[in-house]
file target.csv (CSV, C-alpha atoms and all ligand atoms)
chain,number,residue,atom,x,y,z
A,12,MET,CA,0.0,0.0,0.0
A,13,VAL,CA,1.2,3.5,-0.7
A,14,GLN,CA,-0.1,6.9,0.4
A,15,VAL,CA,-1.5,8.8,-2.6
A,16,THR,CA,-2.3,12.5,-2.3
A,17,LEU,CA,-4.0,14.4,-5.0
A,18,GLU,CA,-5.8,17.7,-5.5
A,19,VAL,CA,-9.2,16.5,-6.8
A,20,ASN,CA,-11.6,19.2,-7.9
A,21,GLY,CA,-9.7,21.7,-5.8
A,22,LYS,CA,-9.6,19.7,-2.6
A,23,ARG,CA,-6.8,17.7,-1.2
A,24,VAL,CA,-7.5,14.1,-0.9
A,25,SER,CA,-5.1,11.5,0.6
A,26,TYR,CA,-5.7,7.8,0.9
A,27,GLU,CA,-3.7,4.6,1.1
A,28,ALA,CA,-4.1,2.6,-2.0
A,29,PRO,CA,-2.5,-0.5,-3.5
A,30,ALA,CA,0.4,0.5,-5.7
A,31,ARG,CA,-1.3,-1.0,-8.8
A,32,MET,CA,-4.7,0.7,-8.2
A,33,HIS,CA,-5.6,2.8,-11.2
A,34,LEU,CA,-6.7,6.3,-10.9
A,35,GLY,CA,-10.3,5.5,-11.9
A,36,ASP,CA,-10.7,3.1,-9.0
A,37,PHE,CA,-9.0,5.5,-6.7
A,38,LEU,CA,-11.4,8.2,-7.5
A,39,ARG,CA,-14.5,6.0,-7.3
A,40,ASP,CA,-13.6,3.7,-4.4
A,41,GLN,CA,-11.3,5.9,-2.2
A,42,ALA,CA,-12.5,9.4,-3.0
A,43,ARG,CA,-16.1,8.3,-3.5
A,44,LEU,CA,-16.4,10.3,-6.7
A,45,THR,CA,-18.5,7.9,-8.8
A,46,GLY,CA,-19.2,10.3,-11.6
A,47,THR,CA,-16.1,8.9,-13.3
A,48,HIS,CA,-17.3,5.8,-15.2
A,49,LEU,CA,-15.4,2.7,-16.1
A,50,GLY,CA,-16.2,0.8,-19.2
A,51,CYS,CA,-13.5,-1.2,-20.9
A,52,GLU,CA,-10.7,-0.6,-18.4
A,53,HIS,CA,-8.3,-1.0,-21.3
A,54,GLY,CA,-7.9,2.5,-22.4
A,55,VAL,CA,-10.2,2.0,-25.4
A,56,CYS,CA,-13.7,3.4,-24.7
A,57,GLY,CA,-12.8,6.8,-23.1
A,58,ALA,CA,-15.6,6.6,-20.5
A,59,CYS,CA,-13.1,7.1,-17.7
A,60,THR,CA,-11.5,10.3,-19.0
A,61,VAL,CA,-10.6,12.9,-16.4
A,62,LEU,CA,-8.3,15.9,-16.4
A,63,VAL,CA,-4.9,15.6,-14.9
A,64,ASP,CA,-3.2,19.0,-14.7
A,65,GLY,CA,-5.8,20.2,-17.2
A,66,ALA,CA,-5.2,17.5,-19.8
A,67,PRO,CA,-7.5,14.6,-20.6
A,68,VAL,CA,-6.2,11.3,-19.3
A,69,ARG,CA,-7.7,7.8,-19.2
A,70,SER,CA,-8.0,7.1,-15.6
A,71,CYS,CA,-8.3,3.3,-16.1
A,72,ILE,CA,-4.7,3.0,-17.4
A,73,SER,CA,-3.1,5.6,-15.2
A,74,PHE,CA,-1.8,4.4,-11.8
A,75,ALA,CA,-3.1,6.5,-9.0
A,76,VAL,CA,0.4,6.6,-7.4
A,77,ALA,CA,1.8,8.0,-10.7
A,78,CYS,CA,-0.5,11.0,-10.3
A,79,ASP,CA,0.6,11.8,-6.8
A,80,GLY,CA,0.7,15.5,-6.2
A,81,ARG,CA,-1.2,16.3,-9.4
A,82,GLN,CA,-4.4,18.2,-10.0
A,83,VAL,CA,-7.3,16.0,-11.0
A,84,THR,CA,-10.6,17.2,-12.3
A,85,THR,CA,-13.6,14.8,-12.5
A,86,ILE,CA,-17.1,15.4,-13.8
A,87,GLU,CA,-18.1,16.6,-10.3
A,88,GLY,CA,-15.5,19.5,-10.5
A,89,TYR,CA,-16.7,21.6,-13.4
A,90,ASP,CA,-19.4,23.7,-11.8
A,91,ALA,CA,-17.8,27.0,-12.4
A,92,ASP,CA,-16.1,26.1,-15.7
A,93,PRO,CA,-17.2,28.4,-18.5
A,94,VAL,CA,-16.6,25.8,-21.2
A,95,MET,CA,-18.5,23.1,-19.4
A,96,GLN,CA,-21.4,25.4,-18.8
A,97,ARG,CA,-21.7,25.8,-22.5
A,98,LEU,CA,-21.2,22.1,-23.3
A,99,ARG,CA,-23.8,21.1,-20.7
A,100,ALA,CA,-26.4,23.3,-22.3
A,101,ALA,CA,-25.4,22.2,-25.8
A,102,PHE,CA,-25.6,18.5,-24.9
A,103,THR,CA,-29.1,19.0,-23.6
A,104,LYS,CA,-30.2,21.0,-26.6
A,105,HIS,CA,-28.8,18.5,-29.1
A,106,HIS,CA,-29.9,15.4,-27.3
A,107,ALA,CA,-26.3,14.3,-27.0
A,108,LEU,CA,-26.8,11.6,-24.4
A,109,GLN,CA,-29.2,8.8,-23.7
A,110,CYS,CA,-28.0,6.4,-21.0
A,111,GLY,CA,-25.3,8.9,-20.0
A,112,TYR,CA,-22.6,6.3,-19.4
A,113,CYS,CA,-20.2,7.7,-21.8
A,114,THR,CA,-21.1,11.3,-20.9
A,115,PRO,CA,-18.5,12.2,-18.2
A,116,GLY,CA,-15.7,11.2,-20.5
A,117,MET,CA,-17.3,12.6,-23.6
A,118,LEU,CA,-17.7,16.0,-21.9
A,119,ALA,CA,-14.0,16.0,-20.7
A,120,THR,CA,-12.8,15.3,-24.3
A,121,SER,CA,-15.3,17.8,-25.7
A,122,ARG,CA,-14.0,20.5,-23.4
A,123,ASP,CA,-10.4,19.8,-24.5
A,124,ILE,CA,-11.5,20.1,-28.2
A,125,VAL,CA,-13.2,23.4,-27.5
A,126,LEU,CA,-10.1,24.8,-25.8
A,127,ARG,CA,-7.4,23.3,-28.1
A,128,LEU,CA,-9.1,23.6,-31.5
A,129,PRO,CA,-11.2,26.7,-31.8
A,130,GLN,CA,-11.3,26.4,-35.6
A,131,ALA,CA,-12.1,22.7,-35.8
A,132,ASP,CA,-14.6,21.6,-38.5
A,133,GLU,CA,-16.9,18.6,-38.2
A,134,SER,CA,-14.5,16.1,-39.6
A,135,ARG,CA,-11.8,17.2,-37.1
A,136,VAL,CA,-14.3,17.1,-34.2
A,137,ARG,CA,-15.2,13.5,-35.2
A,138,VAL,CA,-11.6,12.5,-35.3
A,139,GLU,CA,-10.9,14.1,-31.9
A,140,LEU,CA,-13.9,12.3,-30.4
A,141,SER,CA,-13.0,9.0,-31.9
A,142,GLY,CA,-11.3,7.9,-28.7
A,143,ASN,CA,-14.7,8.1,-26.9
A,144,LEU,CA,-17.2,5.4,-27.6
A,145,CYS,CA,-21.0,5.8,-27.2
A,146,ARG,CA,-23.3,2.9,-27.8
A,147,CYS,CA,-26.5,4.9,-27.6
A,148,THR,CA,-26.5,8.1,-29.6
A,149,GLY,CA,-24.9,7.5,-32.9
A,150,TYR,CA,-22.7,10.5,-32.2
A,151,MET,CA,-24.8,12.9,-34.3
A,152,GLY,CA,-26.0,14.9,-31.2
A,153,ILE,CA,-22.6,14.9,-29.6
A,154,VAL,CA,-20.8,16.3,-32.7
A,155,ALA,CA,-23.6,18.9,-33.2
A,156,ALA,CA,-23.2,20.0,-29.5
A,157,VAL,CA,-19.5,20.5,-29.8
A,158,MET,CA,-19.8,22.2,-33.1
A,159,SER,CA,-22.4,24.6,-31.7
A,160,VAL,CA,-20.2,25.6,-28.8
A,161,LEU,CA,-17.3,26.2,-31.2
A,162,ALA,CA,-19.5,28.3,-33.5
A,163,ASP,CA,-20.9,30.3,-30.6
A,164,LEU,CA,-17.4,31.1,-29.3
A,165,ARG,CA,-16.2,32.1,-32.8
A,166,ALA,CA,-19.2,34.4,-33.2
A,167,GLN,CA,-18.9,35.9,-29.7
A,168,PRO,CA,-15.6,35.3,-27.9
A,169,ASP,CA,-15.8,34.7,-24.2
A,170,ALA,CA,-12.9,36.2,-22.1
A,171,ALA,CA,-13.0,33.4,-19.5
A,172,VAL,CA,-12.7,30.8,-22.3
A,173,GLU,CA,-9.9,32.8,-24.0
A,174,ALA,CA,-8.0,32.8,-20.7
A,175,LEU,CA,-8.2,29.0,-20.5
A,176,ARG,CA,-7.1,28.7,-24.1
A,177,THR,CA,-4.1,31.0,-23.5
A,178,ALA,CA,-3.2,29.0,-20.4
A,179,GLN,CA,-3.4,25.7,-22.4
A,180,ALA,CA,-1.4,27.1,-25.3
A,181,GLN,CA,1.4,28.3,-22.9
A,182,GLY,CA,1.5,24.8,-21.4
A,183,ARG,CA,0.2,25.9,-18.1
A,184,GLY,CA,-2.7,23.5,-18.2
A,185,ALA,CA,-6.4,24.4,-18.3
A,186,ALA,CA,-7.8,22.9,-15.2
A,187,PRO,CA,-11.1,24.6,-14.3
A,188,ALA,CA,-11.2,27.1,-11.5
A,189,VAL,CA,-12.9,25.9,-8.4
A,190,GLU,CA,-15.4,28.2,-6.6
A,191,LYS,CA,-13.7,27.9,-3.3
A,192,PRO,CA,-10.1,27.0,-3.9
A,193,VAL,CA,-8.5,25.1,-1.1
A,194,ALA,CA,-4.8,25.8,-0.3
A,195,PHE,CA,-2.8,23.0,-1.6
A,196,ALA,CA,0.9,22.6,-0.9
A,197,GLY,CA,2.9,21.3,-3.8
A,198,PHE,CA,4.2,17.8,-3.7
A,199,THR,CA,7.3,16.3,-5.0
A,200,PRO,CA,6.3,13.4,-7.3
A,201,THR,CA,7.2,10.2,-5.6
A,202,ALA,CA,10.0,8.1,-6.8
A,203,ALA,CA,7.6,5.2,-6.3
A,204,SER,CA,5.4,6.3,-9.1
A,205,VAL,CA,7.1,4.0,-11.7
A,206,ALA,CA,8.7,1.5,-9.4
A,207,ALA,CA,5.2,0.8,-8.1
A,208,SER,CA,4.3,-0.6,-11.5
A,209,ALA,CA,6.6,-3.5,-10.9
A,210,THR,CA,6.4,-6.4,-8.5
A,211,THR,CA,9.5,-8.4,-7.8
A,212,PRO,CA,8.9,-12.0,-6.9
A,213,ALA,CA,11.9,-13.4,-8.9
A,214,ASN,CA,14.4,-13.4,-6.1
A,215,PRO,CA,13.2,-14.8,-2.9
A,216,ALA,CA,16.4,-13.7,-1.2
A,217,ASN,CA,15.7,-10.2,-2.4
A,218,PRO,CA,11.9,-9.6,-2.2
A,219,ALA,CA,12.2,-5.9,-2.6
A,220,GLY,CA,14.2,-6.3,-5.7
A,221,THR,CA,16.6,-3.7,-4.6
A,222,ALA,CA,20.2,-4.9,-4.1
A,223,GLY,CA,21.7,-5.4,-7.5
A,224,ALA,CA,18.4,-5.1,-9.2
A,225,ALA,CA,18.1,-1.4,-8.8
A,226,PRO,CA,21.0,-0.1,-10.9
A,227,ALA,CA,22.1,3.4,-11.0
A,228,GLY,CA,20.5,5.4,-13.8
A,229,LYS,CA,17.1,3.9,-13.3
A,230,LYS,CA,14.8,6.3,-15.2
A,231,GLU,CA,11.4,7.3,-13.7
A,232,GLY,CA,8.3,8.0,-15.7
A,233,ARG,CA,9.3,6.2,-18.9
A,234,GLY,CA,7.0,3.3,-18.9
A,235,SER,CA,6.5,-0.1,-17.2
A,236,GLN,CA,9.2,-1.7,-15.3
A,237,ILE,CA,9.8,-5.3,-14.4
A,238,ASP,CA,12.6,-6.7,-12.2
A,239,GLY,CA,13.7,-10.3,-12.3
A,240,GLY,CA,16.8,-12.4,-12.5
A,241,PHE,CA,18.4,-15.8,-12.6
A,242,GLN,CA,21.3,-17.7,-11.2
A,243,VAL,CA,24.0,-19.3,-13.3
A,244,PRO,CA,26.4,-22.0,-12.0
A,245,PHE,CA,29.5,-20.3,-13.4
A,246,PRO,CA,32.1,-17.7,-12.2
A,247,ALA,CA,31.0,-14.1,-12.7
A,248,ALA,CA,33.9,-13.4,-15.1
A,249,ASP,CA,32.8,-16.2,-17.4
A,250,VAL,CA,29.2,-15.1,-17.3
A,251,TRP,CA,30.2,-11.4,-18.0
A,252,ALA,CA,32.3,-12.4,-21.0
A,253,PHE,CA,29.3,-14.2,-22.4
A,254,MET,CA,26.8,-11.5,-21.5
A,255,VAL,CA,28.6,-8.8,-23.5
A,256,ASP,CA,28.9,-10.9,-26.6
A,257,LEU,CA,25.9,-9.6,-28.5
A,258,PRO,CA,25.3,-12.5,-31.0
A,259,ALA,CA,25.7,-15.0,-28.2
A,260,LEU,CA,23.4,-13.0,-26.0
A,261,ALA,CA,20.7,-12.7,-28.7
A,262,SER,CA,20.9,-16.4,-29.4
A,263,CYS,CA,19.6,-17.0,-25.9
A,264,LEU,CA,16.7,-14.6,-26.1
A,265,PRO,CA,13.6,-16.4,-27.2
A,266,GLY,CA,12.2,-14.9,-30.4
A,267,ALA,CA,15.2,-12.6,-31.1
A,268,SER,CA,17.3,-12.7,-34.2
A,269,ILE,CA,20.2,-10.5,-35.3
A,270,GLU,CA,20.4,-9.1,-38.8
A,271,SER,CA,23.6,-7.1,-38.5
A,272,HIS,CA,26.1,-6.5,-35.8
A,273,GLU,CA,28.9,-4.0,-35.5
A,274,GLY,CA,30.7,-3.3,-32.3
A,275,ASP,CA,28.2,-2.5,-29.6
A,276,ARG,CA,25.3,-2.0,-32.0
A,277,VAL,CA,22.9,-4.5,-33.5
A,278,LYS,CA,20.0,-4.5,-35.8
A,279,GLY,CA,17.4,-7.3,-35.6
A,280,ARG,CA,14.0,-8.5,-34.9
A,281,VAL,CA,12.1,-9.7,-31.8
A,282,ALA,CA,9.0,-11.8,-32.5
A,283,ILE,CA,6.5,-12.1,-29.7
A,284,LYS,CA,3.4,-14.2,-29.5
A,285,PHE,CA,1.4,-14.4,-26.4
A,286,GLY,CA,-2.3,-15.2,-26.4
A,287,PRO,CA,-4.1,-12.6,-28.5
A,288,MET,CA,-0.9,-10.5,-28.9
A,289,ALA,CA,1.4,-11.2,-31.8
A,290,ALA,CA,4.1,-8.8,-33.0
A,291,ALA,CA,7.4,-8.7,-34.7
A,292,PHE,CA,9.4,-5.7,-33.8
A,293,ASN,CA,12.2,-4.7,-36.2
A,294,GLY,CA,14.7,-2.3,-34.7
A,295,ALA,CA,18.1,-1.4,-33.4
A,296,ALA,CA,19.8,-1.6,-30.1
A,297,ARG,CA,23.0,-0.6,-28.5
A,298,LEU,CA,24.9,-2.0,-25.5
A,299,GLU,CA,26.5,0.2,-22.9
A,300,ARG,CA,28.8,-1.7,-20.6
A,301,ASP,CA,30.6,-1.0,-17.4
A,302,ASP,CA,33.1,-3.8,-17.1
A,303,ALA,CA,34.4,-2.8,-13.7
A,304,ALA,CA,30.9,-3.0,-12.2
A,305,MET,CA,29.9,-5.9,-14.5
A,306,ARG,CA,26.8,-4.0,-15.4
A,307,ALA,CA,25.3,-3.3,-18.9
A,308,VAL,CA,22.4,-1.6,-20.4
A,309,PHE,CA,20.9,-2.8,-23.6
A,310,ARG,CA,18.9,0.1,-25.1
A,311,GLY,CA,16.6,-0.7,-28.0
A,312,ALA,CA,13.7,0.6,-30.0
A,313,GLY,CA,11.6,-1.0,-32.7
A,314,GLN,CA,8.3,-1.0,-34.6
A,315,ASP,CA,5.9,-3.8,-35.3
A,316,SER,CA,5.1,-3.7,-39.0
A,317,LEU,CA,1.6,-5.1,-38.7
A,318,SER,CA,0.1,-3.0,-35.9
A,319,GLN,CA,2.6,-0.1,-36.3
A,320,SER,CA,3.0,-0.2,-32.6
A,321,ARG,CA,6.3,1.2,-31.3
A,322,ALA,CA,8.3,-0.2,-28.5
A,323,ASN,CA,11.4,1.1,-26.7
A,324,GLY,CA,13.1,-0.2,-23.7
A,325,ASP,CA,16.2,-0.7,-21.7
A,326,ILE,CA,17.3,-4.0,-20.4
A,327,THR,CA,19.8,-3.5,-17.6
A,328,TYR,CA,21.6,-6.4,-16.2
A,329,GLN,CA,24.1,-6.6,-13.4
A,330,LEU,CA,26.1,-9.5,-12.2
A,331,GLU,CA,26.5,-10.4,-8.6
A,332,ALA,CA,29.1,-13.1,-7.6
A,333,LEU,CA,27.3,-15.3,-5.1
A,334,SER,CA,30.3,-17.6,-4.7
A,335,PRO,CA,33.4,-18.4,-6.9
A,336,THR,CA,31.3,-20.6,-9.0
A,337,GLU,CA,27.8,-19.1,-8.7
A,338,THR,CA,26.6,-15.8,-10.3
A,339,ARG,CA,23.3,-14.1,-10.0
A,340,VAL,CA,22.2,-11.9,-13.0
A,341,ASN,CA,19.8,-9.2,-11.9
A,342,VAL,CA,17.7,-8.0,-14.7
A,343,ASN,CA,15.6,-4.8,-14.9
A,344,LEU,CA,13.4,-4.2,-17.9
A,345,LEU,CA,12.0,-0.7,-18.4
A,346,TYR,CA,9.8,-0.5,-21.5
A,347,SER,CA,7.0,1.4,-23.1
A,348,LEU,CA,4.6,0.6,-25.9
A,349,GLN,CA,2.8,3.1,-28.1
A,350,GLY,CA,0.1,2.3,-30.6
A,351,PRO,CA,-2.5,-0.5,-30.6
A,352,LEU,CA,-0.4,-2.9,-28.5
A,353,ALA,CA,-0.1,-0.3,-25.7
A,354,GLN,CA,-3.2,-1.7,-24.1
A,355,PHE,CA,-1.4,-4.9,-23.2
A,356,SER,CA,1.7,-3.3,-21.7
A,357,ARG,CA,0.7,-3.4,-18.1
A,358,SER,CA,-1.5,-6.4,-17.9
A,359,GLY,CA,-0.5,-8.8,-15.2
A,360,LEU,CA,-0.4,-11.7,-17.6
A,361,VAL,CA,2.1,-9.8,-19.8
A,362,GLN,CA,4.3,-9.1,-16.8
A,363,ASP,CA,4.2,-12.7,-15.9
A,364,PHE,CA,5.1,-13.6,-19.5
A,365,VAL,CA,8.1,-11.2,-19.4
A,366,ARG,CA,9.4,-12.8,-16.1
A,367,ARG,CA,9.0,-16.2,-17.7
A,368,MET,CA,11.0,-15.0,-20.7
A,369,ILE,CA,13.7,-13.8,-18.3
A,370,ALA,CA,13.8,-17.2,-16.6
A,371,ASP,CA,14.0,-19.0,-20.0
A,372,PHE,CA,16.7,-16.6,-21.1
A,373,GLY,CA,18.6,-17.6,-17.9
A,374,ASN,CA,18.2,-21.3,-18.7
A,375,ASN,CA,19.5,-20.7,-22.2
A,376,VAL,CA,22.5,-18.8,-20.9
A,377,THR,CA,23.3,-21.7,-18.6
A,378,ALA,CA,22.9,-24.2,-21.4
A,379,ARG,CA,25.1,-22.2,-23.7
A,380,LEU,CA,27.8,-21.7,-21.1
A,381,ARG,CA,27.9,-25.5,-20.5
A,382,GLN,CA,28.3,-26.1,-24.2
A,383,PRO,CA,30.1,-23.0,-25.5
A,384,ALA,CA,30.0,-22.3,-29.2
A,385,GLY,CA,33.1,-21.0,-30.9
A,386,GLN,CA,34.5,-24.4,-31.7
A,387,GLY,CA,33.4,-24.0,-35.3
A,388,GLU,CA,29.8,-24.5,-34.5
A,389,PRO,CA,27.4,-21.6,-35.4
A,390,LEU,CA,25.2,-20.3,-32.6
A,391,VAL,CA,21.8,-21.8,-32.7
A,392,GLN,CA,18.9,-19.7,-31.8
A,393,ALA,CA,17.1,-20.8,-28.6
A,394,SER,CA,13.9,-22.5,-29.3
A,395,PHE,CA,10.6,-20.9,-28.3
A,396,ASN,CA,7.2,-22.4,-28.0
A,397,PRO,CA,4.7,-19.5,-27.6
A,398,THR,CA,1.7,-21.7,-27.1
A,399,ALA,CA,3.3,-23.7,-24.3
A,400,MET,CA,4.6,-20.4,-22.8
A,401,PHE,CA,1.1,-18.9,-22.8
A,402,PHE,CA,-0.6,-21.8,-21.2
A,403,SER,CA,2.1,-22.2,-18.6
A,404,VAL,CA,1.8,-18.6,-17.6
A,405,LEU,CA,-2.0,-18.8,-17.5
A,406,TRP,CA,-1.9,-22.0,-15.4
A,407,ALA,CA,0.5,-20.4,-12.9
A,408,ARG,CA,-1.8,-17.4,-12.6
A,409,ILE,CA,-4.9,-19.7,-12.2
A,410,LYS,CA,-3.1,-21.5,-9.4
A,411,ARG,CA,-2.3,-18.2,-7.7
A,412,TRP,CA,-6.0,-17.1,-8.0
A,413,PHE,CA,-7.0,-20.3,-6.3
A,414,GLY,CA,-4.3,-20.0,-3.6
A,415,ARG,CA,-2.2,-22.9,-4.7
A,416,GLY,CA,1.0,-20.9,-5.0
A,417,GLY,CA,2.7,-20.5,-8.2
A,501,LIG,S1,-12.7,2.6,-19.0
A,501,LIG,FE1,-10.9,3.7,-19.5
A,501,LIG,S2,-10.9,3.8,-21.6
A,501,LIG,FE2,-12.5,2.5,-21.2
A,502,LIG,S1,-25.2,7.9,-24.0
A,502,LIG,FE1,-25.2,5.8,-23.6
A,502,LIG,S2,-23.2,5.2,-24.1
A,502,LIG,FE2,-23.3,7.3,-24.7
call {"tool": "encode", "arguments": {"input": "target.csv", "output": "structure tokens", "more": "lines below"}}
Ligand code: FES
Ligand code: FES
result
Amino acid sequence: MVQVTLEVNGKRVSYEAPARMHLGDFLRDQARLTGTHLGCEHGVCGACTVLVDGAPVRSCISFAVACDGRQVTTIEGYDADPVMQRLRAAFTKHHALQCGYCTPGMLATSRDIVLRLPQADESRVRVELSGNLCRCTGYMGIVAAVMSVLADLRAQPDAAVEALRTAQAQGRGAAPAVEKPVAFAGFTPTAASVAASATTPANPANPAGTAGAAPAGKKEGRGSQIDGGFQVPFPAADVWAFMVDLPALASCLPGASIESHEGDRVKGRVAIKFGPMAAAFNGAARLERDDAAMRAVFRGAGQDSLSQSRANGDITYQLEALSPTETRVNVNLLYSLQGPLAQFSRSGLVQDFVRRMIADFGNNVTARLRQPAGQGEPLVQASFNPTAMFFSVLWARIKRWFGRGG
């Protein structure tokens, strides 16, 4: 549990919450602001949209702890907002809602359109609204409502709305003013905001995943993070020599293949298949090594040609000599996905999958060290059975759900 403190609709709220609780649940369950609706909980439908520091954010895919110290505005917080006053009247006039489930998110997005795109035409409004789904209205009334507010403001500018537009254009955010502002001391964003997205069960001797697995240079706020590791029954010097040999390293990574290699740089491909997710990322990576500390960072970026999703990430590994013949490799993966595959990036199953990949990678490294290549035999890529991997991860999770360990 972590203490999360936000300014919500002008009031300071502070509650303990699980590190993996998303902002939508935090607002509804902890702050009791149930006007924020949750639909898909995958970042697709837009029903959960709220403002964070004046910008629309999907609260179902934002960790509450990552918003610590920020200003959040929910549908309950727009009473005095000049744009929302106009939008409310326009939604009523144009019959822009039926069941109302999508409406809080639809209004938050509409407000952003009105502030950010004063000259938007109908097709632009439709594009901007395309991240908010409504299963009742057919969108006609919603689009008409937004268009009418834009037209009214063009015909007769409103100083209060212009002030919000100026603030937004200057990057100061356009959170609505609250009628009775409550003094709010600034907060330093917590260092836990990203680290909280990871759980660290891989090393029982190191349940916090700190020693060795928290290398210097850890970057906060860049995506999801997973810590793991494995042990290899070889001296640290031997393991290090292997772990900085890029073709050898890649041959142990399930699904990876190298197209070209020059010094510390490689180009290649990583194919992933896990349940409904299949992708083949083509990209490039670079290895930065610190031989004295036996620590390296493998920085890569790539794009999936099918979904056009982009991935980038750092794999940091640090060796720890447990004995003259035993070495632990602590691995930290920091990654972000953009595009259609982003919805999978934080799911628990995917994190389990990545940990399993790290464990398989460790097994492959051990096997390769036992039978070193270089005696005229080409390196053979480690085999990978995605179906078996999927079902093994799923089964482990089912066992955990039913309390049988895993
Ligand atoms: S509930 Fe957040 S986008 Fe659907
Ligand atoms: S009004 Fe029912 S989902 Fe939009």
call {"tool": "residues_around", "arguments": {"input": "target.csv", "residues": "stretch 48-61 of chain A", "least_positions_apart": "2", "cutoff": "6 Å", "atoms": "all atoms listed in the file", "output": "ChimeraX atom specification"}}
result
/A:67-72,84-85,113,116,142-144,354
call {"tool": "closest_residue", "arguments": {"input": "target.csv", "among": "A:Ser121, A:Asn341, A:Gln242, A:Asn293", "to": "A:Thr377", "atoms": "only C-alpha atoms"}}
result
A:Gln242
call {"tool": "closest_residue", "arguments": {"input": "target.csv", "among": "A:Arg280, A:Arg306, A:Arg43, A:Arg146", "to": "ligand LIG 502 (chain A)", "atoms": "only C-alpha atoms and all ligand atoms"}}
result
A:Arg146
call {"tool": "atom_distance", "arguments": {"input": "target.csv", "atom1": "atom CA of A:Val255", "atom2": "atom CA of A:Val342"}}
result
14.0 Å
call {"tool": "closest_residue", "arguments": {"input": "target.csv", "among": "A:Met117, A:Ala166, A:Val138, A:Met158", "to": "ligand LIG 501 (chain A)", "atoms": "only C-alpha atoms and all ligand atoms"}}
result
A:Met117
call {"tool": "residues_near_point", "arguments": {"input": "target.csv", "point": "(18.8, -15.5, -20.0)", "cutoff": "9 Å", "atoms": "all atoms listed in the file", "output": "ChimeraX atom specification"}}
result
/A:240-241,260,263-265,340,368-377
call {"tool": "decode", "arguments": {"input": "target.csv", "residues": "stretch 78-89 of chain A", "atoms": "N, CA, C and O atoms", "output": "compact mmCIF listing (two decimals), in the first residue's frame"}}
result
# COMPACT_ATOMS: atom_id res chain seq x y z
N CYS A 78 0.05 9.66 -10.26
CA CYS A 78 -0.54 11.00 -10.29
C CYS A 78 -0.35 11.73 -8.97
O CYS A 78 -0.93 12.79 -8.77
N ASP A 79 0.43 11.15 -8.08
CA ASP A 79 0.63 11.75 -6.76
C ASP A 79 1.06 13.21 -6.90
O ASP A 79 1.98 13.52 -7.66
N GLY A 80 0.37 14.10 -6.18
CA GLY A 80 0.73 15.51 -6.21
C GLY A 80 0.12 16.29 -7.36
O GLY A 80 0.34 17.49 -7.46
N ARG A 81 -0.63 15.62 -8.22
CA ARG A 81 -1.20 16.31 -9.40
C ARG A 81 -2.60 16.85 -9.10
O ARG A 81 -3.25 16.45 -8.16
N GLN A 82 -3.06 17.74 -10.01
CA GLN A 82 -4.43 18.25 -9.96
C GLN A 82 -5.30 17.38 -10.84
O GLN A 82 -5.01 17.21 -12.04
N VAL A 83 -6.36 16.85 -10.28
CA VAL A 83 -7.27 15.99 -11.05
C VAL A 83 -8.65 16.64 -11.05
O VAL A 83 -9.10 17.16 -10.02
N THR A 84 -9.28 16.65 -12.21
CA THR A 84 -10.65 17.17 -12.30
C THR A 84 -11.57 16.08 -12.81
O THR A 84 -11.32 15.49 -13.87
N THR A 85 -12.60 15.78 -12.04
CA THR A 85 -13.59 14.80 -12.47
C THR A 85 -14.87 15.54 -12.86
O THR A 85 -14.96 16.77 -12.71
N ILE A 86 -15.84 14.80 -13.32
CA ILE A 86 -17.08 15.43 -13.79
C ILE A 86 -17.76 16.22 -12.67
O ILE A 86 -18.50 17.16 -12.94
N GLU A 87 -17.45 15.88 -11.42
CA GLU A 87 -18.05 16.61 -10.31
C GLU A 87 -17.40 17.98 -10.11
O GLU A 87 -17.89 18.77 -9.30
N GLY A 88 -16.32 18.27 -10.85
CA GLY A 88 -15.53 19.47 -10.53
C GLY A 88 -15.65 20.59 -11.53
O GLY A 88 -14.79 21.48 -11.55
N TYR A 89 -16.68 20.57 -12.38
CA TYR A 89 -16.75 21.58 -13.44
C TYR A 89 -17.79 22.66 -13.20
O TYR A 89 -18.15 23.37 -14.14
